[in-house]
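Worksheet for the structure shown next.
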Amino acid sequence: MQYLKTYLKKITDRGNTKLAESIEKTANDVGNKHIKTFSFSSHEIGLLLGNVQSGKTGQMFGIICKAADLGFPVFVLLTTDNVVLQQQTLDRVKADLEGFCICGENDAALFAENSLMDPVIIVLKKNVRMLKLWANILNSTGFMKGNPLFIIDDEADAASLNTLVNRNRQSSINKYLDSIKNGSSSSLYLQVTGTPQAIFLQTLASGWHPYFTYYFQPGDAYLGGDFFFPSSGKPDCVSFLEKLKMPMREVVVRHLLVSAQILLSGGKVSNCLFHPSVRVAVHKKIEGDIQKELNWCIENIDIELKNELSRQYADLNPSRSQKCSLEDLSVKVKEILTENQFKVLVMNGKNDVESSDYEDGCNFVVGGNTLGRGVTFPGLQTIYYTRTSKKPQADTMWQHSRMFGYDRDPGMMKVYIDENLYKLFADINATNNSIIAQVEKGIEDVKIYYPEGLNPTRKNVLDNDHVEIISGGTNYYPFNPDNDSIEDISKLLEAFSETEPYYQVSLRLVKEILAHIIPSSDFKLQAFCSVIDTILSEHPTGQGILIVRRERNVAQGTGALLSPNDWQLGGTFTDKVVLTMYQVTGTKGWGGKKLWVPNIKLPSNTMYYDVIEEDA
């Protein structure tokens, strides 16, 4: 049986040709480059990277089918520790994939009975009890002693990594995942996520840093980071809460208007999401505020509400339906309000809300952590986001941005957010784009950087002994450097006079100069070059500042290499890499040689994260 061909036909038969083409490309790219070359005697790890809510499940299924075509007999598909999500995934596997023996968490007998006659897909949630159970089942049957295992870990950065790395212990989920993969003769472990920060900051020695990364592009209709948080300017779909007189009324009236447009145009659902805080008391207050504004709308339905609807009507630009008249929309809003055709739902540990509760009609949904990974909101058009943290984490914030997806009308999207939070999201999007650019250019040592005050991920999964932070705006130089050829550097720098204050040069020249430096261990040359590669991956013509000074009678180890004037000059360039090259006389240390000593300063107010491997 041709598993991939069968799966793609099923998608095409459903009328989704573009999706089938995207999945076929991903499956064949990953299959031909990484699965075909698999040795069937090693344990390897890779990463499938996609944007949040951009359709990773279909891509995962395509890779499973390709791997089955290439001889993998057993697949373990891991979901987050959520009963509903595990069941949804199991149901979808059964509906989409043919020719497989599909096992849920309680299907050990079915697994044994099948005896690998058909390739097996086991769908498990990342729960200690379940992982322990199936580690025992896989090991006890004996099937895996001579067979490879293919593990697909959805949201791999969420629970799989070792949270006890800094205590020299192994967290339970991480331990049982190790047991499952190492219990087979060989394995290919595919991490899948839209937020890979924690994964890229794992060491190779940990066994959880990917050997390869594949990024798949989202489809044309996808609204993602660049739509909401472009590199310059604020899009029309974003409103800053500080600039609104009555923000809650604005949000409620806007959503009633959008819902009326969608429902009158044959749409089924229109959702509005409020994400204020993790605290239940805050959720309760927001629920009360929403209800208060809905009551105001009902009490002022004929005059004041109509004026509000009229004011917001001009800002409504549906692109997936014909814009209804203001009169028709006013009548529909009146019907939604007077006939109680709306719901206010609170999602948190105190309230049970099923996905069926917000799959149709006009809904106002309030929540905190429950609005994170795996939860999707169909027809999400209006978002009110004010959640803040003293120590914000980029991956958590991005997973909470549920506005991304395919089934939104771009002309009616609206995000209400604090201005400082918007800036944080824009910074996260910029780094996401940098990560993707590095992956697409084949850069293996992917670099991650964020503004000061924004952490890439939670600290308990980062090995303190191996993750180093390089601070932008700080001058770095090696205490005890050498040159592989003083003459070669002198020739490279021949055209640059020390009488000129500075030169603007290509970052590629900066890299070429640094290639001749033999650093001491205190100077992370490889990390600096990786940061330059990161900048070049986004801006191939990237520019830096070069300052050249000769015959400098500087003593080695005095603390500051640069003269006060050169230190001050370099400091004026806050948004560029500044490389200052001093040719020291060698009369005060430096091995008695006329060495070239580099001083490098990266763009300011930014923290660059570097993973130091054991042999570094």
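Residues in the structure tokens are named by chain (A, B, ... in the order shown) and by number from 1 within that chain; ligands are numbered from 1 in the order shown.
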
Per residue of stretch 131-223 of chain A within 10 Å of stretch 388-397 of chain A, what are the shortest atom pair and its distance in Å to one decimal, counting only C-alpha atoms, with rows by chain and residue number, as a Markdown table?
| residue | atom | partner | partner_atom | distance |
| --- | --- | --- | --- | --- |
| A:Asp157 | CA | A:Asp395 | CA | 9.1 |
| A:Ala158 | CA | A:Thr396 | CA | 9.3 |
| A:Gly194 | CA | A:Asp395 | CA | 8.7 |
| A:Thr195 | CA | A:Asp395 | CA | 5.4 |
| A:Pro196 | CA | A:Asp395 | CA | 7.7 |
| A:Gln197 | CA | A:Asp395 | CA | 6.7 |
| A:Ala198 | CA | A:Asp395 | CA | 8.1 |

Serialized selection, all heavy atoms, as a CSV table (one decimal), in the first residue's frame:
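And here's out-v4.csv as it stands now:
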chain,number,residue,atom,x,y,z
A,157,ASP,N,8.1,21.2,22.8
A,157,ASP,CA,8.8,22.1,23.8
A,157,ASP,C,8.0,22.2,25.1
A,157,ASP,O,8.5,22.8,26.1
A,157,ASP,CB,9.0,23.5,23.2
A,157,ASP,CG,7.7,24.2,22.8
A,157,ASP,OD1,6.9,23.5,22.0
A,157,ASP,OD2,7.4,25.3,23.1
A,158,ALA,N,6.8,21.7,25.1
A,158,ALA,CA,5.9,22.0,26.2
A,158,ALA,C,6.2,21.2,27.5
A,158,ALA,O,6.2,21.7,28.6
A,158,ALA,CB,4.4,21.8,25.8
A,194,GLY,N,5.5,25.3,17.1
A,194,GLY,CA,5.6,26.6,16.5
A,194,GLY,C,6.4,27.5,17.3
A,194,GLY,O,6.6,28.7,16.9
A,195,THR,N,6.9,27.1,18.5
A,195,THR,CA,7.7,27.9,19.4
A,195,THR,C,8.9,27.1,19.8
A,195,THR,O,8.9,26.4,20.9
A,195,THR,CB,6.9,28.3,20.7
A,195,THR,OG1,6.2,27.1,21.2
A,195,THR,CG2,5.8,29.4,20.3
A,196,PRO,N,10.0,27.1,19.0
A,196,PRO,CA,11.1,26.2,19.2
A,196,PRO,C,12.2,26.8,20.1
A,196,PRO,O,13.3,26.2,20.2
A,196,PRO,CB,11.7,26.0,17.8
A,196,PRO,CG,11.4,27.4,17.2
A,196,PRO,CD,10.1,27.9,17.8
A,197,GLN,N,12.0,27.9,20.8
A,197,GLN,CA,13.0,28.6,21.6
A,197,GLN,C,13.7,27.6,22.5
A,197,GLN,O,15.0,27.5,22.6
A,197,GLN,CB,12.5,29.7,22.4
A,197,GLN,CG,12.0,30.9,21.5
A,197,GLN,CD,10.6,30.8,21.0
A,197,GLN,OE1,10.0,29.7,20.9
A,197,GLN,NE2,10.0,32.0,20.7
A,198,ALA,N,13.0,26.9,23.4
A,198,ALA,CA,13.6,26.0,24.4
A,198,ALA,C,14.3,24.8,23.7
A,198,ALA,O,15.4,24.4,24.2
A,198,ALA,CB,12.5,25.4,25.3

Check stretch 85-327 of chain A with DSSP on the backbone and list each residue it calls alpha helix (DSSP H), as a ChimeraX atom specification. /A:85-96,108-114,128-141,156-159,172-182,197-200,225-228,247-264,280-299,304-313,326-327

Close residues, stretch 322-338 of chain A itself excluded, 9 Å, only C-alpha atoms, min 3 positions apart in chain, as a PyMOL selection string: chain A and resi 256-261+263-265+294-295+297-298+301-302+305-306+309-310+313+316-319+341-342+362

Could you write out the selected residues, including C-alpha atoms, as a PDB file, in the first residue's frame?
ATOM      1  CA  LEU A 256     -21.737  42.382  18.017  1.00  0.00           C
ATOM      2  CA  LEU A 257     -21.311  44.219  14.695  1.00  0.00           C
ATOM      3  CA  VAL A 258     -18.841  41.636  13.316  1.00  0.00           C
ATOM      4  CA  SER A 259     -21.053  38.761  14.498  1.00  0.00           C
ATOM      5  CA  ALA A 260     -24.056  40.289  12.738  1.00  0.00           C
ATOM      6  CA  GLN A 261     -22.059  40.578   9.479  1.00  0.00           C
ATOM      7  CA  LEU A 263     -24.219  35.452  10.637  1.00  0.00           C
ATOM      8  CA  LEU A 264     -26.122  37.461   8.003  1.00  0.00           C
ATOM      9  CA  SER A 265     -23.601  36.337   5.372  1.00  0.00           C
ATOM     10  CA  LEU A 294     -24.328  43.994  26.971  1.00  0.00           C
ATOM     11  CA  ASN A 295     -26.998  45.256  29.367  1.00  0.00           C
ATOM     12  CA  CYS A 297     -26.610  47.791  24.681  1.00  0.00           C
ATOM     13  CA  ILE A 298     -30.039  46.286  25.434  1.00  0.00           C
ATOM     14  CA  ILE A 301     -30.825  49.630  21.746  1.00  0.00           C
ATOM     15  CA  ASP A 302     -32.624  52.173  19.552  1.00  0.00           C
ATOM     16  CA  LEU A 305     -26.294  51.685  20.488  1.00  0.00           C
ATOM     17  CA  LYS A 306     -27.284  52.525  16.916  1.00  0.00           C
ATOM     18  CA  LEU A 309     -22.765  50.792  15.561  1.00  0.00           C
ATOM     19  CA  SER A 310     -22.806  53.589  12.980  1.00  0.00           C
ATOM     20  CA  TYR A 313     -19.460  50.550  10.724  1.00  0.00           C
ATOM     21  CA  LEU A 316     -15.742  47.194   8.999  1.00  0.00           C
ATOM     22  CA  ASN A 317     -14.255  45.903   5.733  1.00  0.00           C
ATOM     23  CA  PRO A 318     -15.212  42.245   5.231  1.00  0.00           C
ATOM     24  CA  SER A 319     -13.102  40.555   2.552  1.00  0.00           C
ATOM     25  CA  GLN A 341     -28.359  34.715  20.899  1.00  0.00           C
ATOM     26  CA  PHE A 342     -24.992  35.307  22.558  1.00  0.00           C
ATOM     27  CA  CYS A 362     -21.896  34.935  18.885  1.00  0.00           C
TER      28      CYS A 362
END

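Taking atom CA of A:Thr89 as the reference point, atom CA of A:Leu124 is found at 9.2 Å.
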
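Residues in contact with A:Leu204 at 8 Å, where only C-alpha atoms are counted and same-chain residues fewer than 5 positions away are skipped, are listed as His209, Pro210 and Glu613 of chain A.
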
Go ahead and save the picked residues with N, CA, C and O atoms, as a PDB file, in the first residue's frame.
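Final file, part-v3.pdb:
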ATOM      1  N   HIS A 209      18.476  18.258  21.354  1.00  0.00           N
ATOM      2  CA  HIS A 209      18.712  19.313  20.355  1.00  0.00           C
ATOM      3  C   HIS A 209      18.591  18.672  18.973  1.00  0.00           C
ATOM      4  O   HIS A 209      19.199  17.644  18.713  1.00  0.00           O
ATOM      5  N   PRO A 210      17.799  19.248  18.062  1.00  0.00           N
ATOM      6  CA  PRO A 210      17.566  18.584  16.773  1.00  0.00           C
ATOM      7  C   PRO A 210      18.810  18.502  15.888  1.00  0.00           C
ATOM      8  O   PRO A 210      19.588  19.440  15.821  1.00  0.00           O
ATOM      9  N   GLU A 613      28.651  23.872  23.925  1.00  0.00           N
ATOM     10  CA  GLU A 613      28.763  22.419  24.018  1.00  0.00           C
ATOM     11  C   GLU A 613      29.989  22.031  24.840  1.00  0.00           C
ATOM     12  O   GLU A 613      30.882  22.840  25.066  1.00  0.00           O
TER      13      GLU A 613
END

Find the residues near A:Val252: any atom within 7 Å, counting only C-alpha atoms, skip ones fewer than 3 places away on the same chain, and give them as a PyMOL selection string. chain A and resi 248-249+255-256+290+293

Give me a file of those residues, with all heavy atoms, as a short mmCIF file (atom, residue, chain, number, x, y, z; two decimals), in the first residue's frame.
data_model
loop_
_atom_site.label_atom_id
_atom_site.label_comp_id
_atom_site.auth_asym_id
_atom_site.auth_seq_id
_atom_site.Cartn_x
_atom_site.Cartn_y
_atom_site.Cartn_z
N MET A 248 -14.01 48.61 26.99
CA MET A 248 -14.87 47.43 27.06
C MET A 248 -16.11 47.59 26.17
O MET A 248 -16.51 46.66 25.48
CB MET A 248 -15.26 47.15 28.51
CG MET A 248 -15.98 45.82 28.70
SD MET A 248 -15.00 44.39 28.16
CE MET A 248 -13.83 44.25 29.49
N ARG A 249 -16.69 48.79 26.18
CA ARG A 249 -17.86 49.03 25.32
C ARG A 249 -17.45 48.92 23.84
O ARG A 249 -18.18 48.35 23.04
CB ARG A 249 -18.46 50.41 25.59
CG ARG A 249 -19.73 50.69 24.77
CD ARG A 249 -20.48 51.89 25.30
NE ARG A 249 -20.88 51.67 26.69
CZ ARG A 249 -21.40 52.61 27.47
NH1 ARG A 249 -21.59 53.84 27.00
NH2 ARG A 249 -21.71 52.34 28.72
N HIS A 255 -17.73 43.52 18.49
CA HIS A 255 -17.96 42.10 18.26
C HIS A 255 -19.41 41.81 17.87
O HIS A 255 -19.65 40.91 17.05
CB HIS A 255 -17.55 41.27 19.47
CG HIS A 255 -17.57 39.80 19.17
ND1 HIS A 255 -16.79 39.24 18.19
CD2 HIS A 255 -18.33 38.78 19.68
CE1 HIS A 255 -17.03 37.94 18.11
NE2 HIS A 255 -17.96 37.64 19.01
N LEU A 256 -20.33 42.54 18.43
CA LEU A 256 -21.74 42.38 18.02
C LEU A 256 -21.90 42.73 16.53
O LEU A 256 -22.59 42.02 15.79
CB LEU A 256 -22.63 43.28 18.87
CG LEU A 256 -22.83 42.85 20.34
CD1 LEU A 256 -23.52 43.96 21.12
CD2 LEU A 256 -23.64 41.55 20.42
N ILE A 290 -18.30 42.63 30.81
CA ILE A 290 -18.91 42.30 29.51
C ILE A 290 -20.43 42.34 29.64
O ILE A 290 -21.14 42.93 28.81
CB ILE A 290 -18.45 40.91 29.01
CG1 ILE A 290 -16.95 40.88 28.76
CG2 ILE A 290 -19.22 40.50 27.73
CD1 ILE A 290 -16.37 39.48 28.59
N GLU A 293 -21.84 45.82 29.81
CA GLU A 293 -21.91 46.51 28.51
C GLU A 293 -23.02 45.92 27.63
O GLU A 293 -23.68 46.65 26.88
CB GLU A 293 -20.56 46.43 27.79
CG GLU A 293 -19.44 47.21 28.46
CD GLU A 293 -19.75 48.69 28.64
OE1 GLU A 293 -20.59 49.25 27.90
OE2 GLU A 293 -19.17 49.31 29.56
#

Would you mind listing what lies within 6 Å of stretch 515-532 of chain A as number ranges by chain, with only C-alpha atoms counted and same-chain residues fewer than 3 positions away left out? A: 478, 480-484, 512, 535

If I take atom CA of A:Asp220 and atom CA of A:Gly405, how far is one from the other in Å, to one decimal? 10.8 Å

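When only C-alpha atoms are used to compute distances to A:Val280, the closest of the residues A:Gly368, A:Pro247, A:Gly99, A:Gly207 turns out to be A:Gly368.
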
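Shortest separation to A:His43 among A:Asn475, A:Ser497, A:Asn182, A:Asn605 occurs at residue A:Asn182, atoms counted being only C-alpha atoms.
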